[in-house]
>>> print(open('work_38.cif').read())   # mmCIF, C-alpha atoms
data_data
#
loop_
_atom_site.group_PDB
_atom_site.id
_atom_site.type_symbol
_atom_site.label_atom_id
_atom_site.label_comp_id
_atom_site.auth_asym_id
_atom_site.auth_seq_id
_atom_site.Cartn_x
_atom_site.Cartn_y
_atom_site.Cartn_z
ATOM 1 C CA MET A 1 69.547 -226.111 212.405
ATOM 2 C CA LYS A 2 67.901 -226.911 215.746
ATOM 3 C CA HIS A 3 69.361 -223.726 217.172
ATOM 4 C CA LEU A 4 67.852 -221.592 214.405
ATOM 5 C CA PHE A 5 64.460 -223.148 215.009
ATOM 6 C CA LEU A 6 64.767 -222.555 218.768
ATOM 7 C CA ILE A 7 65.816 -218.899 218.242
ATOM 8 C CA ALA A 8 62.931 -218.322 215.834
ATOM 9 C CA MET A 9 60.485 -219.839 218.332
ATOM 10 C CA LEU A 10 61.821 -217.681 221.169
ATOM 11 C CA CYS A 11 61.694 -214.505 219.013
ATOM 12 C CA GLY A 12 58.145 -215.280 218.004
ATOM 13 C CA PHE A 13 57.223 -215.975 221.606
ATOM 14 C CA PHE A 14 58.534 -212.589 222.796
ATOM 15 C CA VAL A 15 57.268 -210.555 219.861
ATOM 16 C CA LEU A 16 53.728 -211.869 219.762
ATOM 17 C CA PRO A 17 52.669 -210.820 223.274
ATOM 18 C CA VAL A 18 54.053 -207.307 222.779
ATOM 19 C CA HIS A 19 52.311 -206.997 219.426
ATOM 20 C CA ALA A 20 49.060 -208.260 220.886
ATOM 21 C CA GLU A 21 49.337 -205.753 223.749
ATOM 22 C CA GLU A 22 49.885 -202.880 221.320
ATOM 23 C CA GLU A 23 46.815 -203.802 219.309
ATOM 24 C CA SER A 24 44.562 -204.069 222.340
ATOM 25 C CA ALA A 25 45.893 -200.833 223.904
ATOM 26 C CA ALA A 26 44.967 -198.669 220.883
ATOM 27 C CA PRO A 27 41.344 -197.542 220.953
ATOM 28 C CA VAL A 28 39.497 -198.473 217.812
ATOM 29 C CA LYS A 29 37.126 -195.847 216.457
ATOM 30 C CA ASP A 30 34.057 -196.675 214.532
ATOM 31 C CA PRO A 31 34.839 -195.526 210.951
ATOM 32 C CA HIS A 32 31.368 -193.995 210.791
ATOM 33 C CA GLN A 33 32.269 -191.673 213.652
ATOM 34 C CA VAL A 34 35.416 -190.166 212.120
ATOM 35 C CA ARG A 35 35.168 -186.368 211.851
ATOM 36 C CA LEU A 36 36.389 -185.448 208.395
ATOM 37 C CA ALA A 37 37.020 -182.110 206.689
ATOM 38 C CA VAL A 38 38.153 -181.135 203.207
ATOM 39 C CA LEU A 39 40.318 -178.104 202.443
ATOM 40 C CA ASP A 40 41.201 -176.528 199.077
ATOM 41 C CA VAL A 41 44.745 -175.374 199.774
ATOM 42 C CA ASN A 42 45.197 -173.996 196.242
ATOM 43 C CA VAL A 43 42.342 -171.548 196.794
ATOM 44 C CA LEU A 44 44.036 -170.334 199.978
ATOM 45 C CA LEU A 45 47.410 -170.017 198.253
ATOM 46 C CA ARG A 46 45.819 -168.033 195.433
ATOM 47 C CA ASP A 47 42.968 -165.991 196.949
ATOM 48 C CA SER A 48 43.878 -165.218 200.552
ATOM 49 C CA ASP A 49 44.808 -161.645 201.457
ATOM 50 C CA ALA A 50 48.376 -162.727 202.210
ATOM 51 C CA ALA A 51 48.673 -164.509 198.837
ATOM 52 C CA LYS A 52 47.424 -161.415 197.012
ATOM 53 C CA HIS A 53 49.880 -159.291 198.979
ATOM 54 C CA ILE A 54 52.716 -161.623 197.941
ATOM 55 C CA GLN A 55 51.633 -161.422 194.272
ATOM 56 C CA LYS A 56 51.496 -157.603 194.397
ATOM 57 C CA GLN A 57 54.988 -157.403 195.859
ATOM 58 C CA MET A 58 56.255 -159.823 193.220
ATOM 59 C CA GLU A 59 54.761 -157.749 190.406
ATOM 60 C CA ASP A 60 56.234 -154.527 191.808
ATOM 61 C CA LYS A 61 59.679 -156.043 192.321
ATOM 62 C CA ARG A 62 59.594 -157.713 188.892
ATOM 63 C CA ASP A 63 58.843 -154.300 187.338
ATOM 64 C CA ASP A 64 61.756 -152.727 189.260
ATOM 65 C CA PHE A 65 64.096 -155.495 188.191
ATOM 66 C CA GLN A 66 62.911 -155.200 184.580
ATOM 67 C CA LYS A 67 63.823 -151.492 184.611
ATOM 68 C CA ASP A 68 67.313 -152.427 185.824
ATOM 69 C CA ILE A 69 67.593 -155.083 183.127
ATOM 70 C CA ASN A 70 66.459 -152.615 180.451
ATOM 71 C CA LYS A 71 69.245 -150.208 181.504
ATOM 72 C CA LEU A 72 71.797 -152.988 181.251
ATOM 73 C CA GLU A 73 70.491 -153.971 177.811
ATOM 74 C CA GLU A 74 70.663 -150.349 176.609
ATOM 75 C CA LYS A 75 74.287 -150.151 177.725
ATOM 76 C CA LEU A 76 75.058 -153.362 175.831
ATOM 77 C CA GLN A 77 73.296 -152.095 172.698
ATOM 78 C CA LYS A 78 75.322 -148.884 172.836
ATOM 79 C CA MET A 79 78.541 -150.855 173.195
ATOM 80 C CA GLU A 80 77.484 -153.104 170.298
ATOM 81 C CA GLY A 81 76.849 -150.039 168.109
ATOM 82 C CA GLU A 82 80.293 -148.689 168.913
ATOM 83 C CA LEU A 83 81.751 -152.101 168.136
ATOM 84 C CA ILE A 84 80.055 -152.157 164.732
ATOM 85 C CA GLU A 85 81.401 -148.670 163.962
ATOM 86 C CA LEU A 86 84.945 -149.752 164.788
ATOM 87 C CA HIS A 87 84.565 -152.814 162.603
ATOM 88 C CA GLN A 88 83.337 -150.678 159.688
ATOM 89 C CA LYS A 89 86.282 -148.284 160.127
ATOM 90 C CA GLU A 90 88.511 -151.337 159.901
ATOM 91 C CA ASP A 91 90.288 -150.430 163.125
ATOM 92 C CA ALA A 92 91.411 -153.971 164.013
ATOM 93 C CA GLU A 93 93.254 -153.028 167.200
ATOM 94 C CA GLY A 94 90.436 -150.844 168.549
ATOM 95 C CA PHE A 95 87.862 -153.437 167.484
ATOM 96 C CA ALA A 96 89.632 -156.273 169.349
ATOM 97 C CA GLU A 97 89.895 -154.177 172.512
ATOM 98 C CA GLN A 98 86.282 -152.997 172.322
ATOM 99 C CA LYS A 99 85.090 -156.557 171.608
ATOM 100 C CA LYS A 100 86.841 -157.777 174.773
ATOM 101 C CA GLU A 101 85.124 -155.059 176.823
ATOM 102 C CA TYR A 102 81.776 -155.891 175.237
ATOM 103 C CA GLU A 103 82.109 -159.603 175.988
ATOM 104 C CA ALA A 104 83.133 -158.874 179.602
ATOM 105 C CA GLU A 105 80.124 -156.563 179.987
ATOM 106 C CA MET A 106 77.867 -159.204 178.440
ATOM 107 C CA THR A 107 79.109 -161.804 180.947
ATOM 108 C CA GLU A 108 78.630 -159.382 183.847
ATOM 109 C CA THR A 109 75.116 -158.523 182.646
ATOM 110 C CA ARG A 110 74.158 -162.200 182.498
ATOM 111 C CA LYS A 111 75.403 -162.636 186.073
ATOM 112 C CA LYS A 112 73.403 -159.618 187.253
ATOM 113 C CA VAL A 113 70.233 -160.831 185.537
ATOM 114 C CA ALA A 114 70.664 -164.308 187.026
ATOM 115 C CA GLU A 115 71.145 -162.784 190.482
ATOM 116 C CA LEU A 116 68.019 -160.613 190.099
ATOM 117 C CA ARG A 117 65.989 -163.678 189.131
ATOM 118 C CA ALA A 118 67.428 -165.664 192.030
ATOM 119 C CA ARG A 119 66.487 -162.860 194.441
ATOM 120 C CA LEU A 120 62.930 -162.889 193.071
ATOM 121 C CA ASP A 121 62.727 -166.669 193.458
ATOM 122 C CA ARG A 122 64.106 -166.616 197.011
ATOM 123 C CA GLY A 123 61.688 -163.876 198.067
ATOM 124 C CA TYR A 124 58.700 -165.662 196.572
ATOM 125 C CA SER A 125 59.676 -169.054 197.994
ATOM 126 C CA ALA A 126 60.178 -167.663 201.502
ATOM 127 C CA GLY A 127 56.859 -165.801 201.386
ATOM 128 C CA MET A 128 54.929 -168.834 200.160
ATOM 129 C CA ALA A 129 56.595 -171.040 202.777
ATOM 130 C CA GLU A 130 55.457 -168.613 205.464
ATOM 131 C CA LEU A 131 51.932 -168.631 204.018
ATOM 132 C CA ARG A 132 51.848 -172.445 203.937
ATOM 133 C CA GLN A 133 53.047 -172.582 207.536
ATOM 134 C CA THR A 134 50.343 -170.132 208.605
ATOM 135 C CA ILE A 135 47.697 -172.179 206.772
ATOM 136 C CA LEU A 136 48.929 -175.300 208.562
ATOM 137 C CA GLU A 137 48.715 -173.547 211.947
ATOM 138 C CA VAL A 138 45.217 -172.210 211.259
ATOM 139 C CA VAL A 139 44.003 -175.637 210.108
ATOM 140 C CA ALA A 140 45.601 -177.326 213.142
ATOM 141 C CA ASP A 141 43.884 -174.879 215.514
ATOM 142 C CA LEU A 142 40.538 -175.316 213.774
ATOM 143 C CA SER A 143 40.985 -179.078 213.726
ATOM 144 C CA ASP A 144 41.601 -179.104 217.490
ATOM 145 C CA GLU A 145 38.647 -176.818 218.094
ATOM 146 C CA GLU A 146 36.241 -178.812 215.906
ATOM 147 C CA LYS A 147 37.765 -182.203 216.829
ATOM 148 C CA TYR A 148 38.473 -183.233 213.232
ATOM 149 C CA ASP A 149 40.155 -186.608 212.955
ATOM 150 C CA LEU A 150 41.227 -186.053 209.382
ATOM 151 C CA VAL A 151 41.602 -183.045 207.068
ATOM 152 C CA ILE A 152 42.066 -183.960 203.413
ATOM 153 C CA SER A 153 43.259 -181.746 200.580
ATOM 154 C CA ARG A 154 40.524 -180.990 198.027
ATOM 155 C CA GLN A 155 42.902 -181.994 195.242
ATOM 156 C CA GLU A 156 42.732 -185.577 196.494
ATOM 157 C CA VAL A 157 38.917 -185.732 196.524
ATOM 158 C CA VAL A 158 36.667 -186.226 193.502
ATOM 159 C CA ILE A 159 33.300 -185.453 195.072
ATOM 160 C CA VAL A 160 32.783 -183.633 198.350
ATOM 161 C CA SER A 161 29.817 -182.403 200.322
ATOM 162 C CA LYS A 162 29.787 -178.658 201.014
ATOM 163 C CA GLU A 163 29.095 -179.508 204.656
ATOM 164 C CA ILE A 164 32.603 -180.842 205.218
ATOM 165 C CA ASP A 165 34.464 -178.304 203.040
ATOM 166 C CA ILE A 166 36.187 -175.932 205.479
ATOM 167 C CA THR A 167 37.976 -173.800 202.871
ATOM 168 C CA GLU A 168 35.863 -170.665 203.397
ATOM 169 C CA ARG A 169 36.148 -170.876 207.162
ATOM 170 C CA VAL A 170 39.909 -171.354 206.988
ATOM 171 C CA MET A 171 40.107 -168.443 204.517
ATOM 172 C CA ASP A 172 38.363 -166.149 207.009
ATOM 173 C CA LEU A 173 40.597 -167.297 209.868
ATOM 174 C CA LEU A 174 43.708 -167.008 207.700
ATOM 175 C CA ASN A 175 42.837 -163.488 206.581
ATOM 176 C CA ASP A 176 42.296 -162.510 210.225
ATOM 177 C CA GLU A 177 45.527 -164.190 211.313
ATOM 178 C CA LYS A 178 47.840 -162.888 208.579
ATOM 179 C CA SER A 179 46.659 -160.582 205.808
ATOM 180 C CA LYS A 180 50.165 -159.490 204.725
ATOM 181 C CA ILE A 181 53.495 -161.208 204.325
ATOM 182 C CA LYS A 182 56.470 -158.951 203.670
ATOM 183 C CA LEU A 183 58.873 -160.385 201.129
ATOM 184 C CA SER A 184 62.620 -159.919 201.252
ATOM 185 C CA PHE A 185 64.513 -159.791 197.967
ATOM 186 C CA LYS A 186 68.082 -159.975 199.289
#
>>> encode(input="work_38.cif", output="structure tokens")
Amino acid sequence: MKHLFLIAMLCGFFVLPVHAEEESAAPVKDPHQVRLAVLDVNVLLRDSDAAKHIQKQMEDKRDDFQKDINKLEEKLQKMEGELIELHQKEDAEGFAEQKKEYEAEMTETRKKVAELRARLDRGYSAGMAELRQTILEVVADLSDEEKYDLVISRQEVVIVSKEIDITERVMDLLNDEKSKIKLSFK
């Protein structure tokens, strides 16, 4: 028991001076002198030139994919019509064979549709990640330039003065930095 007490005393003895040194080494800023800025990231992700470019590409690619899906659906409907005709003719052997082909085509169509959706999702996610990274870089540069100590997301703030809202300035810098982001749908 004495040994535990001695070890605890020694640990406390060595830890306290280090901890006290760390506290005194860090400069303490007056909280009234902190340079603060607020940024509405959602506005940037929605209204910047790059965000609009991403949305346009998504709409165009979604339309292209929908045309492909419509062709696949038409093929399935045709096969289904042929299947119904065989069933009405009471051709059991032909019906069973055609039904197998129809089910295989249905499975393949589902896979193709899932892959098209996955390609859309991957393209969008990569584009938005690039946009977020660019926003972060622009804000970091502006923060260094303006000596901001803290930049807070607008979503976390209830009331904010227009004087510390840097959203418009970041929007201008972002649009100058990167107005287009090319999406890849592979």
>>> resolve_selection(input="work_38.cif", expression="the PyMOL selection byres ((chain A and resi 60-67) around 9)", output="NGL selection string")
:A and (55-59 or 68-72 or 113 or 116-117 or 120 or 185)
>>> closest_residue(input="work_38.cif", among="A:Val43, A:Val157, A:Leu83, A:Ile164", to="Ile135 in chain A", atoms="all atoms listed in the file")
A:Val43
>>> resolve_selection(input="work_38.cif", expression="the PyMOL selection byres ((chain A and resi 168) around 12)", output="PyMOL selection string")
chain A and resi 37-41+43-44+47-48+139+162-167+169-175
>>> atom_distance(input="work_38.cif", atom1="CA of Tyr124 in chain A", atom2="CA of Thr109 in chain A")
22.7 Å
